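Right, one structure below, let's go through it.
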Amino acid sequence: MADPTGFLKHDRELPTRRPVDVRIRDWKEVYEPFEPAHLHDQAGRCMDCGIPFCHNSCPLGNLIPEWNDLVHRGDWDEAVERLHATNNFPEFTGRLCPAPCEAACVLEIREGDAVTIKQIENSIIDRAWAEGWVQPEPPEAAILTGRTVAVV
């Protein structure tokens with residue numbers, strides 16, 4: 001578990017939203033980057049519940065308590081491995097998902113202040129890309145068919 005009393009020490013915190021008049025001029029993120037210290041604190045709020053409802057409510061079965069603990073400990077490269085264990089494209093799904101995991105978080109149910117799971121997930125994959133930890137894994141040549149696929 002990240003920090004047994006983290007949820008008592010730190011309130012839910014989200015990054016600052018970029019002003020609308022700035023956002024309408026580009027395709028960048030809605031939120032400003034979240035400081036690593038804030039991510040550390042937010043990941044530390046995860047209680048690693050006996051029955052992690054967040055994990056159960058995730059359509060992909062993401063190992064949320066595990067990567068929250070790894071982010072809290074600063075083990076980012078292992079956190080991206082845990083994220084990729086259940087999700088091949090967190091850079092897409094993490095941004096598009098409406099985050100039912102946050103609605104199912106025990107802190108949300110009890111206090112109305114869920115762990116910022118979606119923000120932590122996005123930060124993990126953003127850091128993995130920035131650090132060069134995400135590498136393509138093309139199939140072996142024997143499997144190639146000469147055909148291509150488009151995902152819409």
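Convention: chains lettered A, B, ... in structure tokens order; per-chain residue numbering from 1; ligands numbered from 1 as shown.
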Residue contacts of Gly61 (chain A) (12 Å, only C-alpha atoms) excluding same-chain residues fewer than 3 positions away, as a PyMOL selection string | chain A and resi 52-58+64-66+82-87+100-101
Using only C-alpha atoms, please write the residues we just selected to a file, as a short mmCIF file (atom, residue, chain, number, x, y, z; two decimals), in the first residue's frame.
data_model
loop_
_atom_site.label_atom_id
_atom_site.label_comp_id
_atom_site.auth_asym_id
_atom_site.auth_seq_id
_atom_site.Cartn_x
_atom_site.Cartn_y
_atom_site.Cartn_z
CA PRO A 52 -10.65 -2.71 -4.93
CA PHE A 53 -13.91 -1.51 -6.46
CA CYS A 54 -11.90 0.78 -8.74
CA HIS A 55 -10.19 -2.23 -10.28
CA ASN A 56 -13.48 -4.10 -10.60
CA SER A 57 -15.25 -1.17 -12.28
CA CYS A 58 -12.52 -0.64 -14.87
CA ILE A 64 -5.02 0.57 -10.28
CA PRO A 65 -3.91 0.04 -6.66
CA GLU A 66 -0.68 -1.52 -7.91
CA ARG A 82 1.75 -2.64 -14.60
CA LEU A 83 -0.34 -0.27 -16.72
CA HIS A 84 0.61 -2.12 -19.91
CA ALA A 85 -0.21 -5.48 -18.28
CA THR A 86 -3.91 -4.82 -18.90
CA ASN A 87 -3.93 -1.98 -21.41
CA PRO A 100 -15.82 4.73 -13.79
CA CYS A 101 -12.96 3.66 -11.53
#
Determine the nearest neighbour of Leu14 (chain A) from the options A:Glu78, A:Asp26, A:Asp113, A:Asp126, counting only C-alpha atoms.
-> A:Asp113
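Distances here use only C-alpha atoms; by that measure, the residue among A:Glu35, A:Asp77, A:Glu121, A:Asp69 closest to Thr93 (chain A) is A:Glu121.
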Could you give me, as a PyMOL selection string, the residues within 12 Å of Trp129 (chain A), counting only C-alpha atoms and dropping anything in the same chain fewer than 6 positions from it?
-> chain A and resi 76-77+80+89-91+122-123+135-136
Write the residues of the preceding selection, restricted to C-alpha atoms, as a CSV table (one decimal), in the first residue's frame.
chain,number,residue,atom,x,y,z
A,76,TRP,CA,7.7,4.9,-12.7
A,77,ASP,CA,9.2,2.4,-15.1
A,80,VAL,CA,4.1,1.7,-16.8
A,89,PHE,CA,-3.0,1.8,-25.5
A,90,PRO,CA,-3.3,3.8,-22.2
A,91,GLU,CA,-2.3,6.9,-24.1
A,122,ASN,CA,-2.3,9.7,-17.9
A,123,SER,CA,0.9,10.9,-16.1
A,135,GLN,CA,8.8,0.8,-27.6
A,136,PRO,CA,7.0,-0.7,-30.6
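Proximity to Phe7 (chain A) was assessed for A:Arg23, A:His40, A:Arg45, A:Lys118 counting only C-alpha atoms; the smallest distance is recorded for A:Arg45.
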Spatial neighbours of Arg18 (chain A), 10 Å, only C-alpha atoms, chain gap at least 3 places, as a PyMOL selection string = chain A and resi 15+21-23+28-33
